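Participant: Sending over target_28.txt (compact mmCIF, C-alpha atoms and all ligand atoms).
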# COMPACT_ATOMS: atom_id res chain seq x y z
CA MET T 16 9.26 118.88 39.63
CA ASP T 17 12.61 120.54 40.24
CA THR T 18 16.11 119.76 39.03
CA ASN T 19 16.89 117.79 42.22
CA SER T 20 14.02 115.35 41.58
CA ARG T 21 15.07 111.76 41.31
CA ILE T 22 13.77 110.67 37.91
CA PHE T 23 13.72 107.07 36.68
CA VAL T 24 14.03 107.01 32.88
CA ALA T 25 12.84 103.52 31.97
CA GLY T 26 14.24 102.48 28.58
CA HIS T 27 17.11 104.98 28.57
CA ARG T 28 19.00 103.23 25.79
CA GLY T 29 16.12 103.41 23.31
CA MET T 30 15.39 106.23 20.90
CA VAL T 31 12.86 107.93 23.22
CA GLY T 32 14.65 107.22 26.51
CA SER T 33 18.04 108.41 25.28
CA SER T 34 16.48 111.62 23.97
CA LEU T 35 14.80 112.15 27.37
CA VAL T 36 18.14 111.71 29.14
CA ARG T 37 19.84 114.26 26.82
CA ALA T 38 17.02 116.79 27.33
CA LEU T 39 16.87 116.35 31.11
CA GLN T 40 20.64 116.70 31.46
CA ALA T 41 20.62 119.80 29.24
CA HIS T 42 18.00 121.34 31.55
CA GLY T 43 20.05 120.67 34.70
CA TYR T 44 18.31 117.52 35.99
CA TRP T 45 21.24 115.64 37.47
CA ASN T 46 19.52 113.05 39.65
CA LEU T 47 18.57 110.54 36.93
CA VAL T 48 18.18 106.83 37.60
CA THR T 49 18.67 104.34 34.77
CA ARG T 50 18.92 100.56 34.50
CA THR T 51 19.92 98.44 31.54
CA HIS T 52 17.75 95.48 30.60
CA VAL T 53 20.32 93.13 32.15
CA GLU T 54 20.32 95.07 35.44
CA LEU T 55 16.52 95.25 35.68
CA ASP T 56 14.06 93.21 33.62
CA LEU T 57 10.90 95.31 33.69
CA THR T 58 8.75 92.29 32.74
CA ASP T 59 9.78 90.69 36.08
CA GLN T 60 7.29 91.88 38.70
CA HIS T 61 9.42 90.95 41.74
CA ALA T 62 12.49 92.68 40.34
CA VAL T 63 10.46 95.83 39.63
CA ASP T 64 8.87 95.85 43.10
CA ASP T 65 12.30 95.38 44.65
CA PHE T 66 13.79 98.23 42.60
CA PHE T 67 11.03 100.70 43.59
CA GLY T 68 11.23 99.51 47.20
CA HIS T 69 14.92 100.44 47.41
CA GLU T 70 15.23 103.54 45.23
CA LYS T 71 13.56 106.77 46.27
CA ILE T 72 12.02 107.75 42.93
CA ASP T 73 10.10 111.05 42.55
CA ALA T 74 9.10 110.68 38.89
CA VAL T 75 9.01 107.94 36.26
CA LEU T 76 9.31 108.38 32.51
CA LEU T 77 8.04 105.07 31.18
CA ALA T 78 9.73 104.90 27.78
CA ALA T 79 10.62 101.20 27.98
CA ALA T 80 8.62 99.20 25.45
CA ARG T 81 8.82 96.61 22.71
CA VAL T 82 8.42 98.65 19.52
CA GLY T 83 8.77 97.94 15.83
CA GLY T 84 7.59 98.64 12.31
CA ILE T 85 4.62 97.25 10.45
CA MET T 86 6.11 93.79 9.65
CA ALA T 87 7.49 93.17 13.17
CA ASN T 88 4.11 94.10 14.67
CA ALA T 89 2.20 91.96 12.21
CA THR T 90 4.36 88.85 12.68
CA GLN T 91 5.10 88.92 16.45
CA PRO T 92 1.80 90.04 18.03
CA ALA T 93 2.25 87.88 21.14
CA GLN T 94 5.60 89.44 22.03
CA PHE T 95 4.34 92.98 21.36
CA ALA T 96 1.27 92.39 23.54
CA TYR T 97 2.93 90.46 26.38
CA ASP T 98 6.11 92.50 26.84
CA ASN T 99 4.30 95.83 26.80
CA LEU T 100 1.51 94.69 29.10
CA ALA T 101 4.00 93.24 31.57
CA ILE T 102 6.24 96.34 31.61
CA GLU T 103 3.27 98.69 32.07
CA THR T 104 1.47 96.78 34.78
CA ASN T 105 4.65 96.18 36.78
CA VAL T 106 5.99 99.73 36.60
CA ILE T 107 2.70 101.61 37.03
CA ARG T 108 1.63 99.55 40.05
CA ALA T 109 5.06 99.68 41.69
CA ALA T 110 5.29 103.45 41.11
CA TYR T 111 1.92 103.95 42.82
CA ARG T 112 2.92 101.73 45.75
CA ALA T 113 6.20 103.61 46.18
CA GLY T 114 4.39 106.96 46.27
CA VAL T 115 5.89 108.28 43.01
CA ALA T 116 4.51 111.78 42.46
CA ARG T 117 4.59 111.95 38.65
CA LEU T 118 4.62 109.31 35.93
CA VAL T 119 4.61 109.87 32.18
CA PHE T 120 3.49 106.90 30.09
CA PHE T 121 4.42 106.85 26.39
CA GLY T 122 2.08 105.30 23.84
CA SER T 123 1.61 105.77 20.13
CA SER T 124 -0.85 107.18 17.59
CA CYS T 125 -1.72 103.60 16.54
CA ILE T 126 -3.98 103.35 19.62
CA TYR T 127 -6.67 105.20 17.65
CA PRO T 128 -9.20 103.49 15.35
CA ARG T 129 -8.07 102.63 11.81
CA GLU T 130 -10.85 104.63 10.15
CA CYS T 131 -10.55 107.78 12.22
CA PRO T 132 -11.68 111.29 11.28
CA GLN T 133 -8.53 113.38 10.69
CA PRO T 134 -6.83 115.02 12.46
CA ILE T 135 -7.25 112.55 15.34
CA ARG T 136 -8.43 113.97 18.64
CA GLU T 137 -7.77 112.25 21.97
CA SER T 138 -11.54 111.72 22.35
CA TYR T 139 -11.63 109.31 19.35
CA LEU T 140 -10.02 106.56 21.45
CA LEU T 141 -12.07 103.33 21.48
CA THR T 142 -14.75 104.62 19.10
CA ALA T 143 -14.13 102.03 16.31
CA PRO T 144 -11.97 98.95 15.45
CA LEU T 145 -8.15 99.13 15.35
CA GLU T 146 -5.74 98.59 12.42
CA PRO T 147 -5.09 94.79 12.34
CA THR T 148 -1.31 94.97 11.61
CA ASN T 149 -0.60 96.56 15.00
CA GLU T 150 -3.67 95.63 17.02
CA ALA T 151 -1.74 93.68 19.70
CA TYR T 152 0.65 96.57 20.37
CA ALA T 153 -2.20 99.09 20.32
CA ILE T 154 -4.30 97.08 22.79
CA ALA T 155 -1.31 96.90 25.16
CA LYS T 156 -0.75 100.67 24.93
CA ILE T 157 -4.47 101.36 25.45
CA ALA T 158 -4.32 99.13 28.53
CA GLY T 159 -1.36 101.19 29.81
CA LEU T 160 -3.07 104.53 29.47
CA LYS T 161 -6.28 103.14 30.98
CA LEU T 162 -4.26 101.77 33.89
CA CYS T 163 -2.85 105.26 34.48
CA GLU T 164 -6.38 106.68 34.39
CA ALA T 165 -7.61 103.99 36.80
CA TYR T 166 -4.84 104.73 39.32
CA ASN T 167 -5.54 108.46 39.05
CA LYS T 168 -9.24 107.85 39.64
CA GLN T 169 -8.96 105.36 42.48
CA TYR T 170 -5.83 106.57 44.26
CA GLY T 171 -5.45 110.23 43.25
CA THR T 172 -2.11 109.75 41.48
CA HIS T 173 -0.99 112.15 38.71
CA PHE T 174 -0.04 109.86 35.86
CA VAL T 175 -0.09 111.41 32.39
CA SER T 176 -0.02 109.66 28.99
CA LEU T 177 1.68 111.04 25.87
CA MET T 178 0.67 109.67 22.47
CA PRO T 179 3.36 110.66 19.98
CA THR T 180 3.03 110.39 16.24
CA ASN T 181 5.61 108.33 14.21
CA LEU T 182 9.02 109.21 15.68
CA TYR T 183 12.54 109.24 14.25
CA GLY T 184 15.99 110.35 15.40
CA PRO T 185 19.24 109.13 17.01
CA ASN T 186 19.29 105.51 18.23
CA ASP T 187 16.48 104.50 15.89
CA ASN T 188 16.21 100.89 14.72
CA TYR T 189 17.83 100.66 11.27
CA ASP T 190 17.09 96.96 10.85
CA LEU T 191 15.15 96.67 7.58
CA ALA T 192 12.91 93.80 8.72
CA SER T 193 11.86 95.12 12.14
CA GLY T 194 12.23 98.91 11.92
CA HIS T 195 9.87 101.73 10.93
CA VAL T 196 9.60 103.32 7.53
CA LEU T 197 11.76 106.43 7.96
CA PRO T 198 14.96 104.76 9.22
CA ALA T 199 14.42 101.92 6.71
CA LEU T 200 14.16 104.34 3.77
CA LEU T 201 17.19 106.34 4.97
CA ARG T 202 19.26 103.19 5.10
CA LYS T 203 17.97 101.83 1.78
CA ALA T 204 18.58 105.14 0.00
CA HIS T 205 22.08 105.38 1.49
CA GLU T 206 22.98 101.83 0.47
CA ALA T 207 21.46 102.35 -2.99
CA ARG T 208 23.58 105.49 -3.51
CA VAL T 209 26.76 103.88 -2.23
CA SER T 210 26.34 100.73 -4.31
CA GLY T 211 25.24 102.63 -7.43
CA ALA T 212 21.84 100.87 -7.56
CA ARG T 213 19.24 102.27 -9.96
CA THR T 214 16.13 101.56 -7.87
CA LEU T 215 14.92 101.75 -4.28
CA THR T 216 12.11 99.49 -3.08
CA VAL T 217 9.32 101.07 -1.00
CA TRP T 218 6.85 98.74 0.76
CA GLY T 219 3.16 98.97 -0.10
CA SER T 220 1.51 101.45 -2.44
CA GLY T 221 3.24 104.62 -1.20
CA ARG T 222 -0.24 106.15 -0.68
CA PRO T 223 -0.65 105.86 3.14
CA ARG T 224 -0.05 109.15 4.91
CA ARG T 225 2.02 109.50 8.07
CA GLU T 226 3.14 112.32 10.36
CA PHE T 227 6.80 112.27 11.47
CA MET T 228 8.27 113.98 14.52
CA HIS T 229 11.91 114.19 15.60
CA VAL T 230 12.26 112.41 18.96
CA ASP T 231 13.89 115.49 20.54
CA ASP T 232 10.54 117.26 20.16
CA LEU T 233 8.89 114.50 22.20
CA ALA T 234 11.52 114.95 24.92
CA ASP T 235 10.87 118.69 24.83
CA ALA T 236 7.10 118.09 25.22
CA THR T 237 7.78 115.75 28.15
CA LEU T 238 9.85 118.38 29.94
CA PHE T 239 7.11 120.91 29.27
CA LEU T 240 4.58 118.61 30.97
CA LEU T 241 6.87 117.93 33.92
CA GLU T 242 7.50 121.62 34.47
CA HIS T 243 3.86 122.76 34.19
CA GLU T 244 0.85 121.88 36.30
CA VAL T 245 -1.17 120.06 33.64
CA ASP T 246 -4.37 118.06 33.98
CA ASP T 247 -4.00 114.26 34.02
CA GLY T 248 -5.08 112.26 31.01
CA VAL T 249 -3.96 111.72 27.42
CA TYR T 250 -2.08 114.22 25.25
CA ASN T 251 -1.32 113.78 21.54
CA VAL T 252 2.15 114.97 20.52
CA GLY T 253 2.91 115.71 16.89
CA VAL T 254 3.91 118.32 14.35
CA GLY T 255 0.44 118.92 12.87
CA GLU T 256 1.13 117.92 9.25
CA ASP T 257 1.61 114.69 7.33
CA LEU T 258 2.79 113.46 3.94
CA SER T 259 2.43 110.31 1.83
CA ILE T 260 4.99 107.50 2.05
CA ARG T 261 5.90 108.24 -1.60
CA GLU T 262 6.58 111.89 -0.68
CA LEU T 263 8.62 110.77 2.33
CA ALA T 264 10.70 108.46 0.10
CA GLU T 265 11.33 111.36 -2.29
CA ARG T 266 12.39 113.67 0.58
CA VAL T 267 14.72 110.97 1.95
CA CYS T 268 16.30 110.38 -1.47
CA GLU T 269 16.92 114.12 -1.80
CA VAL T 270 18.67 114.32 1.60
CA VAL T 271 20.77 111.21 0.90
CA GLY T 272 21.55 112.22 -2.69
CA PHE T 273 20.08 109.12 -4.36
CA GLY T 274 18.69 109.93 -7.81
CA GLY T 275 17.32 106.52 -8.84
CA GLU T 276 13.77 105.31 -9.32
CA LEU T 277 11.25 104.31 -6.62
CA VAL T 278 9.72 100.82 -6.98
CA PHE T 279 6.63 99.90 -4.93
CA ASP T 280 6.36 96.38 -3.48
CA SER T 281 2.64 95.62 -3.32
CA SER T 282 3.24 92.32 -1.49
CA LYS T 283 3.89 94.38 1.68
CA PRO T 284 1.02 95.85 3.74
CA ASP T 285 0.01 99.52 3.71
CA GLY T 286 -1.42 99.48 7.24
CA THR T 287 -3.51 102.44 8.44
CA PRO T 288 -4.45 104.75 5.55
CA ARG T 289 -3.73 107.93 7.52
CA LYS T 290 -2.88 108.98 11.09
CA LEU T 291 -2.49 112.69 11.56
CA LEU T 292 -2.82 113.78 15.18
CA ASP T 293 -4.81 116.75 16.40
CA VAL T 294 -2.30 118.43 18.70
CA SER T 295 -4.48 121.30 19.88
CA ARG T 296 -4.76 120.03 23.49
CA LEU T 297 -1.02 120.42 24.07
CA GLY T 298 -0.87 123.41 21.71
CA GLY T 299 -3.49 125.16 23.85
CA LEU T 300 -1.13 124.88 26.83
CA GLY T 301 1.63 126.56 24.83
CA TRP T 302 3.74 123.67 23.50
CA HIS T 303 4.63 123.27 19.81
CA ALA T 304 7.12 121.10 17.92
CA HIS T 305 10.27 122.85 16.72
CA VAL T 306 12.12 120.51 14.35
CA GLY T 307 10.84 120.61 10.74
CA LEU T 308 11.08 117.49 8.57
CA GLY T 309 13.84 118.97 6.35
CA GLU T 310 16.08 119.78 9.32
CA GLY T 311 15.14 116.54 11.10
CA LEU T 312 16.00 114.36 8.10
CA ALA T 313 19.34 116.10 7.60
CA ARG T 314 20.24 115.70 11.29
CA THR T 315 19.14 112.06 11.28
CA TYR T 316 21.12 111.21 8.14
CA ASP T 317 24.14 112.73 9.83
CA ASP T 318 23.52 110.55 12.93
CA PHE T 319 23.11 107.53 10.66
CA LEU T 320 26.43 108.21 8.91
CA HIS T 321 28.15 108.18 12.30
CA SER T 322 26.44 104.94 13.37
CA SER T 323 27.62 101.38 12.78
CA HIS T 324 24.89 100.85 10.15
CA ALA T 325 26.63 103.07 7.62
CA VAL T 326 29.50 100.60 7.06
CA PRO T 327 29.20 100.50 3.25
CA ALA T 328 29.86 104.26 3.10
CA ARG T 329 32.95 104.01 5.28
CA GLU T 330 34.25 101.13 3.23
CA ALA T 331 33.57 103.11 0.08
CA ALA T 332 35.45 106.09 1.54
CA VAL T 333 38.46 103.92 2.42
CA ARG T 334 38.52 102.43 -1.07
CA ALA T 335 38.22 105.87 -2.75
P1 LIG L 1 3.10 102.05 10.80
O1 LIG L 1 3.10 103.54 10.84
O2 LIG L 1 2.70 101.44 12.09
O3 LIG L 1 2.31 101.52 9.65
O4 LIG L 1 4.62 101.55 10.66
P2 LIG L 1 5.83 101.68 9.62
O5 LIG L 1 6.62 102.89 9.92
O6 LIG L 1 6.55 100.37 9.67
O7 LIG L 1 5.17 101.80 8.17
C1 LIG L 1 4.54 102.97 7.68
C2 LIG L 1 4.20 102.83 6.21
O8 LIG L 1 5.40 102.86 5.43
C3 LIG L 1 3.49 101.52 5.83
O9 LIG L 1 2.51 101.82 4.85
C4 LIG L 1 4.63 100.69 5.19
O10 LIG L 1 4.17 99.72 4.27
C5 LIG L 1 5.40 101.80 4.48
N1 LIG L 1 6.79 101.46 4.12
C6 LIG L 1 7.36 101.67 2.89
N2 LIG L 1 8.61 101.20 2.86
C7 LIG L 1 8.87 100.69 4.11
C8 LIG L 1 10.02 100.07 4.69
O11 LIG L 1 11.05 99.87 4.05
N3 LIG L 1 9.92 99.70 5.99
C9 LIG L 1 8.77 99.91 6.73
N4 LIG L 1 8.75 99.54 8.02
N5 LIG L 1 7.66 100.47 6.20
C10 LIG L 1 7.71 100.87 4.90
For this file, produce the structure as structure tokens.
Facilitator:
Amino acid sequence: MDTNSRIFVAGHRGMVGSSLVRALQAHGYWNLVTRTHVELDLTDQHAVDDFFGHEKIDAVLLAAARVGGIMANATQPAQFAYDNLAIETNVIRAAYRAGVARLVFFGSSCIYPRECPQPIRESYLLTAPLEPTNEAYAIAKIAGLKLCEAYNKQYGTHFVSLMPTNLYGPNDNYDLASGHVLPALLRKAHEARVSGARTLTVWGSGRPRREFMHVDDLADATLFLLEHEVDDGVYNVGVGEDLSIRELAERVCEVVGFGGELVFDSSKPDGTPRKLLDVSRLGGLGWHAHVGLGEGLARTYDDFLHSSHAVPAREAAVRA
């Protein structure tokens, strides 16, 4: 890969895709190709074939996906399965047929079995049943990485799969019903502080453990892979340490400046008890995450305050 390569960033408006675009531009890659959902529906096979037939693409970063938090996954399994399967099969096949040299497919740590030894190595894939709340999404992502492996095996392509841990950062989904835990807690803590509430509700028991990585670290890992001759296959990407949801809520409250009490809503699911990734495969090649959780949370709260979701704070500032 060189800086003249024509790179299609699929999903460039999402949290992962927008971070990839920022990182690529910062490293001098100027020949980026992007399409909005309206311009190119990646679930439409003919449209995707047509796009790859007309554009001369050297590399694909497949960051387009239907993603969501535990409740969205649990309540819309058909959409999570169908949309992701359609996007993957269309893009991976079309990329192969167009002779694309490199493709990076993005999955998630939820592809691994629910009861996994920790930290989770890439080799634990398909060794036991999945977590039911996100099984449909996980099956679709497993299909995507297996499709990459199948094309590599049968046709000699060089498609690589990255499995990041729970991500956060700019352009995250701050919708409380469909988003992930970190943006949801940031927003809830912010609104609780602004409105003077005394409590903040955390879903589940607070005991599950999760690992959180700033999305700019994933973009950095992707560039690292593009710029080095790495073996094909699956690579975990994470920071190497986790914390409980209760501890995360406490850290978020500290950053936001909310001093009230945490209340745990046991009617909401806990999901997987723990998912800490073993990141030694990528670490052995020389890549490590850079953004610590303290710095990442502070940066993300700052991004949040400048986003349209932070309206109550602006209104409060105007009134003050
Ligand atoms: P998961 O990693 O796939 O389980 O997805 P999430 O990020 O949605 O949830 C992680 C954990 O945080 C689960 O145990 C949730 O029950 C818990 N959690 C606590 N409060 C919230 C919240 O306000 N929103 C979400 N999405 N999860 C929460």
Participant: Hey, what's within 7 Å of Val278 (chain T) if we count only C-alpha atoms and toss same-chain stuff fewer than 5 positions away? As number ranges by chain, please?
Facilitator: T: 214-217
Participant: Taking all atoms listed in the file and a cut-off of 9 Å, can you tell me which residues surround ligand LIG 1 (chain L), written as a PDB file with C-alpha atoms, in the coordinates of the input?
Facilitator:
ATOM      1  CA  GLY T  83       8.770  97.940  15.830  1.00  0.00           C
ATOM      2  CA  GLY T  84       7.590  98.640  12.310  1.00  0.00           C
ATOM      3  CA  ILE T  85       4.620  97.250  10.450  1.00  0.00           C
ATOM      4  CA  MET T  86       6.110  93.790   9.650  1.00  0.00           C
ATOM      5  CA  ALA T  87       7.490  93.170  13.170  1.00  0.00           C
ATOM      6  CA  ASN T  88       4.110  94.100  14.670  1.00  0.00           C
ATOM      7  CA  SER T 124      -0.850 107.180  17.590  1.00  0.00           C
ATOM      8  CA  CYS T 125      -1.720 103.600  16.540  1.00  0.00           C
ATOM      9  CA  GLU T 146      -5.740  98.590  12.420  1.00  0.00           C
ATOM     10  CA  THR T 148      -1.310  94.970  11.610  1.00  0.00           C
ATOM     11  CA  ASN T 149      -0.600  96.560  15.000  1.00  0.00           C
ATOM     12  CA  THR T 180       3.030 110.390  16.240  1.00  0.00           C
ATOM     13  CA  ASN T 181       5.610 108.330  14.210  1.00  0.00           C
ATOM     14  CA  LEU T 182       9.020 109.210  15.680  1.00  0.00           C
ATOM     15  CA  LEU T 191      15.150  96.670   7.580  1.00  0.00           C
ATOM     16  CA  ALA T 192      12.910  93.800   8.720  1.00  0.00           C
ATOM     17  CA  SER T 193      11.860  95.120  12.140  1.00  0.00           C
ATOM     18  CA  GLY T 194      12.230  98.910  11.920  1.00  0.00           C
ATOM     19  CA  HIS T 195       9.870 101.730  10.930  1.00  0.00           C
ATOM     20  CA  VAL T 196       9.600 103.320   7.530  1.00  0.00           C
ATOM     21  CA  LEU T 197      11.760 106.430   7.960  1.00  0.00           C
ATOM     22  CA  PRO T 198      14.960 104.760   9.220  1.00  0.00           C
ATOM     23  CA  ALA T 199      14.420 101.920   6.710  1.00  0.00           C
ATOM     24  CA  LEU T 200      14.160 104.340   3.770  1.00  0.00           C
ATOM     25  CA  LEU T 201      17.190 106.340   4.970  1.00  0.00           C
ATOM     26  CA  ARG T 202      19.260 103.190   5.100  1.00  0.00           C
ATOM     27  CA  LYS T 203      17.970 101.830   1.780  1.00  0.00           C
ATOM     28  CA  THR T 216      12.110  99.490  -3.080  1.00  0.00           C
ATOM     29  CA  VAL T 217       9.320 101.070  -1.000  1.00  0.00           C
ATOM     30  CA  TRP T 218       6.850  98.740   0.760  1.00  0.00           C
ATOM     31  CA  GLY T 219       3.160  98.970  -0.100  1.00  0.00           C
ATOM     32  CA  SER T 220       1.510 101.450  -2.440  1.00  0.00           C
ATOM     33  CA  GLY T 221       3.240 104.620  -1.200  1.00  0.00           C
ATOM     34  CA  ARG T 222      -0.240 106.150  -0.680  1.00  0.00           C
ATOM     35  CA  PRO T 223      -0.650 105.860   3.140  1.00  0.00           C
ATOM     36  CA  ARG T 224      -0.050 109.150   4.910  1.00  0.00           C
ATOM     37  CA  ARG T 225       2.020 109.500   8.070  1.00  0.00           C
ATOM     38  CA  GLU T 226       3.140 112.320  10.360  1.00  0.00           C
ATOM     39  CA  SER T 259       2.430 110.310   1.830  1.00  0.00           C
ATOM     40  CA  ILE T 260       4.990 107.500   2.050  1.00  0.00           C
ATOM     41  CA  ARG T 261       5.900 108.240  -1.600  1.00  0.00           C
ATOM     42  CA  ALA T 264      10.700 108.460   0.100  1.00  0.00           C
ATOM     43  CA  PHE T 279       6.630  99.900  -4.930  1.00  0.00           C
ATOM     44  CA  ASP T 280       6.360  96.380  -3.480  1.00  0.00           C
ATOM     45  CA  SER T 281       2.640  95.620  -3.320  1.00  0.00           C
ATOM     46  CA  LYS T 283       3.890  94.380   1.680  1.00  0.00           C
ATOM     47  CA  PRO T 284       1.020  95.850   3.740  1.00  0.00           C
ATOM     48  CA  ASP T 285       0.010  99.520   3.710  1.00  0.00           C
ATOM     49  CA  GLY T 286      -1.420  99.480   7.240  1.00  0.00           C
ATOM     50  CA  THR T 287      -3.510 102.440   8.440  1.00  0.00           C
ATOM     51  CA  PRO T 288      -4.450 104.750   5.550  1.00  0.00           C
ATOM     52  CA  ARG T 289      -3.730 107.930   7.520  1.00  0.00           C
ATOM     53  CA  LYS T 290      -2.880 108.980  11.090  1.00  0.00           C
TER      54      LYS T 290
END
Participant: Select from region 228-258 of chain T every residue with an atom at most 10 Å from any atom of region 310-328 of chain T, then for each give the shortest pair of atoms and their distance in Å to one decimal, using all atoms listed in the file, rows by chain and rising number, as JSON lines.
Facilitator:
{"residue": "T:Met228", "atom": "CA", "partner": "T:Gly311", "partner_atom": "CA", "distance": 8.1}
{"residue": "T:His229", "atom": "CA", "partner": "T:Gly311", "partner_atom": "CA", "distance": 6.0}
{"residue": "T:Val230", "atom": "CA", "partner": "T:Gly311", "partner_atom": "CA", "distance": 9.3}
{"residue": "T:Asp231", "atom": "CA", "partner": "T:Gly311", "partner_atom": "CA", "distance": 9.6}
Participant: Enclose all atoms of region 35-44 of chain T listed in the file in an axis-aligned box, grow every side by 4 Å, and hand back centre and edge lengths in Å to one decimal, as JSON.
Facilitator:
{"center_x": 17.7, "center_y": 116.5, "center_z": 31.4, "size_x": 13.8, "size_y": 17.6, "size_z": 17.2}
Participant: Compile the contact shell of Leu233 (chain T) as a list of chain:residue names: residues with an atom at most 9 Å away, counting all atoms listed in the file, same-chain residues fewer than 3 positions apart removed.
Facilitator: T:Val31, T:Ser34, T:Leu35, T:Leu177, T:Pro179, T:Leu182, T:Met228, T:His229, T:Val230, T:Ala236, T:Thr237, T:Leu238, T:Val252, T:Gly253, T:Ala304
Participant: Include C-alpha atoms and write out the residues we just selected as a short mmCIF file (atom, residue, chain, number, x, y, z; two decimals), in the frame of the given file.
Facilitator:
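Now in part_39.cif:
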data_model
loop_
_atom_site.label_atom_id
_atom_site.label_comp_id
_atom_site.auth_asym_id
_atom_site.auth_seq_id
_atom_site.Cartn_x
_atom_site.Cartn_y
_atom_site.Cartn_z
CA VAL T 31 12.86 107.93 23.22
CA SER T 34 16.48 111.62 23.97
CA LEU T 35 14.80 112.15 27.37
CA LEU T 177 1.68 111.04 25.87
CA PRO T 179 3.36 110.66 19.98
CA LEU T 182 9.02 109.21 15.68
CA MET T 228 8.27 113.98 14.52
CA HIS T 229 11.91 114.19 15.60
CA VAL T 230 12.26 112.41 18.96
CA ALA T 236 7.10 118.09 25.22
CA THR T 237 7.78 115.75 28.15
CA LEU T 238 9.85 118.38 29.94
CA VAL T 252 2.15 114.97 20.52
CA GLY T 253 2.91 115.71 16.89
CA ALA T 304 7.12 121.10 17.92
#
Participant: Pick from T:Ala89, T:Ala78, T:Ala101, T:Ala165: nearest to Gly32 (chain T), with all atoms listed in the file counted?
Facilitator: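 Ranked by minimum distance to Gly32 (chain T), first place goes to T:Ala78.
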